[in-house]
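**Q** model.tsv is the file, holding TSV, C-alpha atoms and all ligand atoms:
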```
chain	number	residue	atom	x	y	z
A	20	MET	CA	107.03	135.22	105.46
A	21	ALA	CA	109.76	137.10	107.25
A	22	ALA	CA	109.84	140.87	107.29
A	23	ARG	CA	113.16	142.66	107.29
A	24	VAL	CA	114.58	146.14	107.20
A	25	ILE	CA	114.59	147.81	103.84
A	26	PRO	CA	117.97	148.15	102.16
A	27	ALA	CA	119.10	151.75	101.68
A	28	ILE	CA	119.16	151.51	97.88
A	29	MET	CA	115.40	151.31	97.71
A	30	ASP	CA	114.72	154.23	99.85
A	31	ASP	CA	117.03	156.91	98.73
A	32	GLY	CA	119.39	159.27	100.36
A	33	ILE	CA	117.40	161.45	102.69
A	34	ASN	CA	115.96	161.18	106.16
A	35	LYS	CA	118.08	158.31	107.25
A	36	GLY	CA	117.62	159.19	110.92
A	37	PRO	CA	116.52	156.60	113.43
A	38	ASP	CA	112.88	157.70	113.31
A	39	MET	CA	112.69	157.01	109.60
A	40	ALA	CA	114.57	153.75	109.99
A	41	ASP	CA	111.86	152.57	112.37
A	42	ARG	CA	109.26	153.04	109.68
A	43	ARG	CA	111.14	151.00	107.15
A	44	GLN	CA	109.19	147.85	107.56
A	45	PHE	CA	109.95	145.80	104.54
A	46	LEU	CA	107.62	142.98	103.59
A	47	LYS	CA	108.97	140.08	101.67
A	48	THR	CA	107.21	137.06	100.41
A	49	SER	CA	110.46	135.31	99.60
A	50	LEU	CA	114.18	135.78	99.89
A	51	LEU	CA	116.53	135.26	96.99
A	52	GLY	CA	115.02	132.22	95.38
A	53	ALA	CA	115.96	129.65	92.82
A	54	SER	CA	114.02	131.54	90.18
A	55	ALA	CA	116.10	134.67	90.77
A	56	LEU	CA	119.31	132.72	90.42
A	57	ALA	CA	118.04	131.05	87.29
A	58	ILE	CA	117.18	134.27	85.50
A	59	SER	CA	120.04	136.43	86.65
A	60	LYS	CA	122.43	134.84	84.13
A	61	PRO	CA	120.99	136.27	80.92
A	62	ILE	CA	120.89	139.68	82.57
A	63	ALA	CA	124.53	139.45	83.54
A	64	ALA	CA	125.39	138.50	79.98
A	65	ALA	CA	123.40	141.38	78.56
A	66	GLU	CA	124.88	143.78	81.08
A	67	SER	CA	128.47	142.84	80.31
A	68	ALA	CA	127.92	143.04	76.57
A	69	GLY	CA	128.63	146.80	76.69
A	70	THR	CA	131.85	148.63	76.16
A	71	GLY	CA	133.25	149.04	79.62
A	72	ARG	CA	130.41	151.24	80.89
A	73	GLN	CA	128.80	150.44	84.21
A	74	PRO	CA	126.15	147.76	83.63
A	75	ALA	CA	122.56	148.87	83.95
A	76	THR	CA	120.75	147.77	87.09
A	77	VAL	CA	117.87	145.80	85.68
A	78	ARG	CA	114.91	146.62	87.90
A	79	VAL	CA	111.18	147.25	87.86
A	80	THR	CA	109.13	149.16	90.41
A	81	SER	CA	105.42	149.85	90.69
A	82	THR	CA	102.86	151.44	92.95
A	83	TRP	CA	101.01	149.71	95.78
A	84	ASP	CA	101.11	146.18	97.11
A	85	PHE	CA	99.57	144.58	94.04
A	86	GLY	CA	102.64	145.93	92.27
A	87	ILE	CA	104.41	142.79	93.48
A	88	ALA	CA	102.33	140.60	91.16
A	89	ALA	CA	102.59	143.12	88.34
A	90	ASN	CA	106.36	143.26	88.76
A	91	GLN	CA	106.51	139.48	88.37
A	92	ALA	CA	104.97	139.71	84.92
A	93	ALA	CA	107.36	142.50	84.00
A	94	TRP	CA	110.29	140.53	85.38
A	95	ALA	CA	109.44	137.53	83.21
A	96	ILE	CA	110.48	139.81	80.32
A	97	LEU	CA	113.26	141.84	81.94
A	98	GLY	CA	114.87	138.74	83.42
A	99	ARG	CA	115.35	137.27	79.95
A	100	GLY	CA	117.02	140.44	78.73
A	101	GLY	CA	113.78	141.73	77.19
A	102	HIS	CA	112.76	145.31	76.62
A	103	SER	CA	111.42	147.62	79.31
A	104	LEU	CA	108.52	148.77	77.13
A	105	ASP	CA	107.28	145.20	76.75
A	106	ALA	CA	107.87	144.64	80.46
A	107	VAL	CA	105.82	147.58	81.70
A	108	GLU	CA	102.96	146.77	79.35
A	109	ALA	CA	102.88	143.13	80.47
A	110	GLY	CA	103.25	144.16	84.10
A	111	VAL	CA	100.34	146.55	84.36
A	112	ARG	CA	98.07	144.22	82.41
A	113	VAL	CA	98.00	142.06	85.55
A	114	PRO	CA	95.97	144.47	87.73
A	115	GLU	CA	93.96	145.53	84.66
A	116	ALA	CA	92.63	141.97	84.48
A	117	ASP	CA	92.33	141.49	88.26
A	118	LEU	CA	88.65	141.80	89.16
A	119	ARG	CA	89.51	142.35	92.84
A	120	ASN	CA	91.20	145.59	91.94
A	121	HIS	CA	88.58	148.33	91.88
A	122	SER	CA	90.62	151.13	90.38
A	123	VAL	CA	92.34	149.50	87.44
A	124	GLY	CA	90.87	147.92	84.32
A	125	LYS	CA	87.92	145.53	84.42
A	126	GLY	CA	86.23	145.54	87.81
A	127	GLY	CA	87.10	149.20	88.40
A	128	TYR	CA	84.48	151.33	90.12
A	129	PRO	CA	82.34	153.30	87.68
A	130	ASP	CA	81.69	157.00	87.38
A	131	ARG	CA	78.65	158.76	88.83
A	132	ASP	CA	76.48	157.39	86.03
A	133	GLY	CA	77.65	153.79	86.22
A	134	ASN	CA	80.17	153.83	83.35
A	135	VAL	CA	83.61	152.31	83.87
A	136	THR	CA	86.00	154.65	82.07
A	137	LEU	CA	89.71	153.94	81.87
A	138	ASP	CA	92.79	156.16	81.60
A	139	ALA	CA	96.25	154.85	80.65
A	140	SER	CA	99.60	155.98	79.29
A	141	ILE	CA	102.89	154.45	78.25
A	142	MET	CA	106.25	156.09	77.47
A	143	ASP	CA	109.74	155.03	76.46
A	144	ALA	CA	113.21	156.46	76.96
A	145	GLU	CA	113.18	158.31	73.64
A	146	GLY	CA	110.06	160.30	74.46
A	147	ASN	CA	107.70	158.15	72.42
A	148	CYS	CA	104.37	157.96	74.20
A	149	GLY	CA	100.73	157.02	73.81
A	150	ALA	CA	97.64	157.33	75.94
A	151	VAL	CA	93.90	156.80	76.15
A	152	ALA	CA	91.52	158.76	78.34
A	153	ALA	CA	87.97	158.06	79.47
A	154	MET	CA	87.85	154.94	77.32
A	155	GLU	CA	85.08	152.40	77.94
A	156	HIS	CA	84.64	148.69	77.25
A	157	VAL	CA	88.26	147.56	76.78
A	158	THR	CA	90.06	145.94	79.72
A	159	HIS	CA	93.65	146.48	78.63
A	160	ALA	CA	93.76	150.22	78.24
A	161	ILE	CA	97.55	150.12	78.43
A	162	SER	CA	97.77	148.02	75.29
A	163	VAL	CA	95.49	150.44	73.47
A	164	ALA	CA	97.75	153.27	74.66
A	165	ARG	CA	100.73	151.45	73.22
A	166	ARG	CA	98.94	151.08	69.87
A	167	VAL	CA	98.23	154.82	69.90
A	168	MET	CA	101.96	155.36	70.39
A	169	GLU	CA	103.10	152.92	67.74
A	170	ARG	CA	100.38	153.04	65.10
A	171	THR	CA	99.12	156.61	65.02
A	172	PRO	CA	100.73	160.04	64.68
A	173	HIS	CA	98.96	161.04	67.92
A	174	VAL	CA	99.69	160.83	71.62
A	175	LEU	CA	96.24	160.77	73.25
A	176	LEU	CA	92.86	159.43	72.14
A	177	ALA	CA	89.80	160.01	74.31
A	178	GLY	CA	86.32	158.63	74.87
A	179	ASP	CA	84.43	157.18	71.91
A	180	GLY	CA	87.35	157.85	69.59
A	181	ALA	CA	89.65	155.78	71.77
A	182	LEU	CA	87.13	152.93	71.82
A	183	GLN	CA	86.64	153.14	68.05
A	184	PHE	CA	90.40	152.93	67.54
A	185	ALA	CA	90.69	150.01	69.97
A	186	LEU	CA	87.98	148.05	68.18
A	187	GLU	CA	89.58	148.78	64.81
A	188	GLN	CA	92.80	147.40	66.25
A	189	GLY	CA	91.04	144.17	67.16
A	190	PHE	CA	90.45	144.67	70.88
A	191	GLU	CA	87.35	142.98	72.23
A	192	LYS	CA	84.37	145.04	73.42
A	193	GLU	CA	83.43	144.01	76.95
A	194	ASN	CA	81.24	145.04	79.84
A	195	LEU	CA	83.75	146.24	82.44
A	196	LEU	CA	81.19	146.76	85.22
A	197	THR	CA	81.35	143.67	87.40
A	198	PRO	CA	78.45	142.78	89.73
A	199	GLU	CA	80.61	143.68	92.72
A	200	ALA	CA	81.47	147.12	91.35
A	201	GLU	CA	77.84	147.70	90.37
A	202	LYS	CA	76.74	146.87	93.91
A	203	ALA	CA	79.26	149.34	95.33
A	204	TRP	CA	77.98	151.99	92.91
A	205	HIS	CA	74.36	151.41	93.99
A	206	GLU	CA	75.41	151.72	97.61
A	207	TRP	CA	77.14	154.99	96.82
A	208	LEU	CA	74.03	156.26	95.01
A	209	ASN	CA	72.00	155.61	98.15
A	210	THR	CA	74.22	157.53	100.46
A	211	ALA	CA	76.31	160.07	98.57
A	212	ARG	CA	75.21	163.53	97.64
A	213	TYR	CA	76.64	164.39	94.27
A	214	GLN	CA	78.46	167.69	94.13
A	215	PRO	CA	79.75	168.84	90.78
A	216	THR	CA	83.19	169.88	91.87
A	217	ALA	CA	86.53	168.26	91.35
A	218	ASN	CA	87.64	166.03	94.19
A	219	SER	CA	84.15	165.53	95.61
A	220	GLU	CA	85.35	162.05	96.56
A	221	VAL	CA	87.88	163.40	98.98
A	222	ARG	CA	85.12	164.61	101.26
A	223	ASP	CA	84.65	160.95	102.03
A	224	TYR	CA	88.14	160.86	103.46
A	225	GLY	CA	88.62	157.98	105.83
A	226	LYS	CA	85.56	156.10	104.62
A	227	GLY	CA	87.54	154.10	102.17
A	228	PHE	CA	86.44	156.07	99.16
A	229	PRO	CA	88.85	156.74	96.32
A	230	GLY	CA	90.65	159.99	96.91
A	231	GLY	CA	90.67	159.43	100.64
A	232	LYS	CA	93.97	158.51	102.15
A	233	ASP	CA	93.11	154.84	102.48
A	234	ASN	CA	91.89	154.01	99.03
A	235	HIS	CA	94.18	154.14	96.02
A	236	ASP	CA	94.77	151.59	93.38
A	237	THR	CA	96.18	153.11	90.23
A	238	ILE	CA	99.24	151.27	89.01
A	239	GLY	CA	102.25	153.19	87.78
A	240	MET	CA	105.29	151.15	86.76
A	241	LEU	CA	108.86	152.06	85.79
A	242	ALA	CA	111.42	149.62	84.41
A	243	LEU	CA	115.06	149.69	83.40
A	244	ASP	CA	116.17	146.86	81.13
A	245	ALA	CA	119.48	145.17	80.45
A	246	HIS	CA	120.01	147.48	77.47
A	247	GLY	CA	119.92	150.46	79.82
A	248	LYS	CA	116.54	151.60	78.50
A	249	LEU	CA	113.84	153.01	80.72
A	250	ALA	CA	110.10	152.80	80.13
A	251	GLY	CA	106.98	153.54	82.13
A	252	ALA	CA	103.28	152.74	82.18
A	253	CYS	CA	100.31	153.96	84.17
A	254	THR	CA	96.72	152.67	84.10
A	255	THR	CA	93.60	153.29	86.16
A	256	SER	CA	89.83	153.50	86.22
A	257	GLY	CA	90.38	156.77	88.06
A	258	MET	CA	88.43	158.18	90.91
A	259	ALA	CA	85.26	156.23	91.62
A	260	TRP	CA	81.97	158.10	91.18
A	261	LYS	CA	83.70	160.83	89.16
A	262	LEU	CA	81.77	162.98	86.69
A	263	HIS	CA	81.31	161.24	83.39
A	264	GLY	CA	84.15	162.40	81.15
A	265	ARG	CA	86.51	163.27	83.99
A	266	VAL	CA	90.11	162.52	83.09
A	267	GLY	CA	92.74	162.15	85.79
A	268	ASP	CA	96.50	162.44	85.73
A	269	SER	CA	97.25	158.89	84.57
A	270	PRO	CA	96.90	159.44	80.80
A	271	ILE	CA	98.43	162.91	80.87
A	272	ILE	CA	102.08	162.72	79.88
A	273	GLY	CA	104.02	164.78	82.39
A	274	ALA	CA	101.36	164.40	85.07
A	275	GLY	CA	100.76	160.71	85.82
A	276	LEU	CA	103.81	159.50	83.90
A	277	TYR	CA	107.00	160.87	82.43
A	278	VAL	CA	110.16	159.20	81.19
A	279	ASP	CA	113.37	160.77	79.91
A	280	GLY	CA	116.08	158.29	79.03
A	281	GLU	CA	118.82	160.77	79.96
A	282	VAL	CA	117.49	161.22	83.48
A	283	GLY	CA	114.84	158.79	84.72
A	284	GLY	CA	111.13	158.25	85.00
A	285	ALA	CA	108.33	159.07	87.41
A	286	THR	CA	104.73	158.10	87.96
A	287	SER	CA	102.00	159.07	90.39
A	288	THR	CA	98.98	157.85	92.26
A	289	GLY	CA	96.32	159.63	94.26
A	290	VAL	CA	94.17	162.65	93.51
A	291	GLY	CA	94.96	163.28	89.89
A	292	GLU	CA	93.75	166.86	89.82
A	293	GLU	CA	96.56	167.91	92.15
A	294	VAL	CA	99.11	165.99	90.10
A	295	ILE	CA	97.95	167.64	86.87
A	296	ARG	CA	98.02	171.11	88.46
A	297	ASN	CA	101.67	170.60	89.29
A	298	ALA	CA	102.80	168.65	86.19
A	299	GLY	CA	103.89	166.18	88.83
A	300	SER	CA	105.83	163.45	87.04
A	301	PHE	CA	107.56	165.93	84.75
A	302	LEU	CA	108.52	167.92	87.81
A	303	VAL	CA	110.01	164.84	89.48
A	304	VAL	CA	112.09	164.04	86.40
A	305	GLU	CA	113.29	167.64	86.08
A	306	LEU	CA	114.29	167.67	89.74
A	307	MET	CA	116.29	164.49	89.18
A	308	ARG	CA	117.91	166.19	86.18
A	309	GLN	CA	119.08	168.90	88.56
A	310	GLY	CA	120.82	166.29	90.67
A	311	ARG	CA	118.28	165.14	93.21
A	312	THR	CA	117.87	161.50	94.08
A	313	PRO	CA	114.56	159.89	93.09
A	314	ALA	CA	113.25	160.18	96.64
A	315	GLU	CA	114.39	163.77	97.05
A	316	ALA	CA	112.66	164.66	93.80
A	317	CYS	CA	109.43	162.90	94.83
A	318	ARG	CA	109.53	164.63	98.19
A	319	GLU	CA	109.85	168.06	96.61
A	320	ALA	CA	106.99	167.29	94.21
A	321	VAL	CA	104.57	166.34	97.01
A	322	LEU	CA	105.70	169.36	99.02
A	323	ARG	CA	104.72	171.60	96.09
A	324	ILE	CA	101.17	170.27	96.40
A	325	VAL	CA	101.15	170.67	100.16
A	326	ARG	CA	102.55	174.21	100.06
A	327	LYS	CA	100.07	175.38	97.45
A	328	LYS	CA	97.04	173.86	99.14
A	329	PRO	CA	97.89	173.14	102.76
A	330	LYS	CA	94.27	172.64	103.83
A	331	THR	CA	93.33	170.36	100.91
A	332	ALA	CA	96.52	168.38	101.32
A	333	GLN	CA	95.57	167.32	104.84
A	334	ASP	CA	92.76	165.17	103.48
A	335	ILE	CA	94.11	163.75	100.26
A	336	GLN	CA	96.75	161.34	99.13
A	337	VAL	CA	99.23	161.84	96.33
A	338	GLY	CA	102.27	159.63	95.94
A	339	PHE	CA	105.14	159.82	93.48
A	340	LEU	CA	107.42	156.95	92.52
A	341	ALA	CA	110.62	157.53	90.55
A	342	MET	CA	113.53	155.61	89.11
A	343	ASN	CA	116.65	157.23	87.72
A	344	LYS	CA	118.62	156.00	84.72
A	345	ASP	CA	120.90	153.99	87.03
A	346	GLY	CA	117.96	152.08	88.47
A	347	GLU	CA	117.85	153.85	91.82
A	348	VAL	CA	114.28	153.96	93.13
A	349	GLY	CA	112.59	156.39	95.50
A	350	ALA	CA	109.12	157.54	96.48
A	351	TRP	CA	107.31	160.00	98.67
A	352	ALA	CA	103.66	160.65	99.52
A	353	ILE	CA	101.52	163.24	101.27
A	354	GLN	CA	99.97	160.71	103.63
A	355	PRO	CA	101.39	157.57	105.16
A	356	GLY	CA	100.18	154.33	103.64
A	357	PHE	CA	101.63	154.55	100.13
A	358	SER	CA	103.81	151.57	99.29
A	359	TYR	CA	105.71	150.51	96.22
A	360	ALA	CA	106.98	147.17	94.98
A	361	VAL	CA	110.55	146.70	93.72
A	362	CYS	CA	111.83	143.73	91.77
A	363	ASP	CA	115.34	142.96	90.53
A	364	ALA	CA	117.69	140.01	90.18
A	365	LYS	CA	118.35	139.92	93.92
A	366	ASP	CA	114.82	140.22	95.20
A	367	GLN	CA	111.60	139.95	93.30
A	368	HIS	CA	109.04	140.51	96.04
A	369	ALA	CA	110.02	143.66	97.88
A	370	LEU	CA	107.30	145.98	99.14
A	371	VAL	CA	108.54	149.27	100.54
A	372	PRO	CA	106.52	151.80	102.54
A	373	ALA	CA	107.05	155.31	101.18
A	374	LYS	CA	107.88	158.18	103.48
A	375	SER	CA	105.27	160.88	103.84
A	376	VAL	CA	104.83	164.55	104.60
A	377	PHE	CA	102.28	163.90	107.32
A	378	PRO	CA	102.95	161.39	110.07
A	379	ALA	CA	100.97	158.21	110.65
B	1	LIG	C1	93.25	159.56	89.14
B	1	LIG	N1	95.45	159.22	89.99
B	1	LIG	O1	92.47	159.22	88.28
B	1	LIG	C2	94.22	158.56	89.66
B	1	LIG	C3	93.58	157.82	90.79
B	1	LIG	C4	94.50	157.12	91.71
B	1	LIG	O2	94.89	155.98	93.56
B	1	LIG	O3	95.67	157.10	91.57
B	1	LIG	N2	94.03	156.55	92.76
B	1	LIG	O4	93.24	160.69	89.64
```
Kindly present the structure from the file in structure tokens form.
Ligand code: SD4

**A**
Amino acid sequence: MAARVIPAIMDDGINKGPDMADRRQFLKTSLLGASALAISKPIAAAESAGTGRQPATVRVTSTWDFGIAANQAAWAILGRGGHSLDAVEAGVRVPEADLRNHSVGKGGYPDRDGNVTLDASIMDAEGNCGAVAAMEHVTHAISVARRVMERTPHVLLAGDGALQFALEQGFEKENLLTPEAEKAWHEWLNTARYQPTANSEVRDYGKGFPGGKDNHDTIGMLALDAHGKLAGACTTSGMAWKLHGRVGDSPIIGAGLYVDGEVGGATSTGVGEEVIRNAGSFLVVELMRQGRTPAEACREAVLRIVRKKPKTAQDIQVGFLAMNKDGEVGAWAIQPGFSYAVCDAKDQHALVPAKSVFPA
């Protein structure tokens, strides 16, 4: 379908020079369609039900191109005036169940020893949050994370304890290692020399390995509903071929995900170790609190990583995606190639390339 130039609202307030405009290739799979018109009415009703305050911009955004499909599932809830927490959970369940996606849910690439271990977190506008880390055998890690949030006094369950809790909650025990992912693991075992350091994957930069600039799949999603409430979710199988027990940024509140209803939310993708070191998503939200736009805040957060480790940063990808409490969306990455999907009543299939520190 037709491509067109990205509207300014998606891509923030900085770097609007002609060079950046050239890079704003905006892929669309459909223009304003009948479905958008059909579901914009309940939103309008919900928005005008307030007391003279500006209506919330109902919108959902998520990382990478498969975020378009995930956003659709979230929009099915948001578009009916539903809650952002339900929307982000439903949204990220789509890539969790997609066997073609090798870094989220079932079908994700395993760790060094052949175990598929999942990380996920979910958070609402009031600071309620739940997460699971290094959990095996349950496809929908995000739904387990939500149960941790809603049915336990804890925030994060890890490993066998997370699985035990999931099974007690009625989740099905499955084998998450698909034949395709197992084949890829065997190929890696043949060729890769294991080195017990963090980020060993990034040495395979450019070969399509996770951690390299061309291979990222984690989904982070942020949504603002018709009630003006923000929520976020993040789910991943993490870096392929990682050490067994390695936990990335995605289940760490403040690293892979952070939401503050007074300010906005942020999520991240890429090499989780660098995001954790910089409390990345918390940093983005705090920068927005100080008055920066979502994109300005994301830019500063990736620059922190680059400034601290200029050599490392040349070979890795980290991307931040943020939405403020008004629904404005922005993103920034270390390397080119990070994209994010945006969905609202006007357009449900937008895919926006994020700006980056390093050029293409
Ligand atoms: C992690 N941040 O586990 C995740 C991986 C990722 O794109 O986002 N890959 O470190």

**Q** So that I can check the surroundings of A:Thr136, please list as a PDB file with C-alpha atoms, keeping the file's coordinate frame every protein, DNA and RNA residue that reaches within 7 Å of it, counting all atoms listed in the file and ignoring chain neighbours fewer than 6 positions away.

**A**
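Final output, saved to selection.pdb:
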```
ATOM      1  CA  PRO A 129      82.340 153.300  87.680  1.00  0.00           C
ATOM      2  CA  ALA A 153      87.970 158.060  79.470  1.00  0.00           C
ATOM      3  CA  MET A 154      87.850 154.940  77.320  1.00  0.00           C
ATOM      4  CA  GLU A 155      85.080 152.400  77.940  1.00  0.00           C
ATOM      5  CA  SER A 256      89.830 153.500  86.220  1.00  0.00           C
TER       6      SER A 256
END
```

**Q** Which residue, A:Val266, A:Cys362, A:Cys317, A:Ala379, has the smallest gap to A:Ile87 when you use all atoms listed in the file?

**A**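 Checking each of A:Val266, A:Cys362, A:Cys317, A:Ala379 against A:Ile87, counting all atoms listed in the file, the winner is A:Cys362.
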
**Q** Within 6 Å of ligand LIG 1 (chain B) (counting only C-alpha atoms and all ligand atoms), which residues show up? I'd like them as an MDAnalysis selection string.

**A** chainID A and resid 235:237 257:258 267:269 288:291

**Q** Which residue gives the smallest distance to A:Ala364 among A:Val278, A:Ala144, A:Ala245, A:Ala177, with all atoms listed in the file counted?

**A**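 Distance minimum relative to A:Ala364 lands on A:Ala245.
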
**Q** Find, counting all atoms listed in the file, the residue in A:Pro172, A:His121, A:Ala242, A:Tyr359 that gets nearest to A:Ala106.

**A**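 The answer is A:Ala242, which sits nearest to A:Ala106.
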
**Q** I'd like the contact shell of stretch 275-277 of chain A - 8 Å cut-off, only C-alpha atoms, skipping same-chain residues fewer than 3 positions apart - returned as a PyMOL selection string.

**A** chain A and resi 140-142+239+251-253+268-272+284-288+291+294-295+299-301+304

**Q** Please, what distance in Å, to one decimal, runs between atom CA of A:Glu319 and atom CA of A:Val376?

**A**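 Between atom CA of A:Glu319 and atom CA of A:Val376 the gap works out to 10.1 Å.
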
**Q** Counting all atoms listed in the file, what is within 7 Å of A:Lys125, bar same-chain residues fewer than 2 positions away, as a VMD selection string?

**A** chain A and resid 115 to 116 118 123 127 158 195 to 196

**Q** Using all atoms listed in the file, find the one residue out of A:Gly273, A:Gly356, A:Gly178, A:Gly189 that sits nearest to A:Ser162.

**A** A:Gly189

**Q** Hey, can you check how far atom CA of A:Ala89 sits from atom CA of A:Asp117?

**A** 10.4 Å

**Q** Between atom CA of A:Lys192 and atom CA of A:Ala160, what distance in Å does the model show, to one decimal?

**A**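 So the answer is 11.8 Å.
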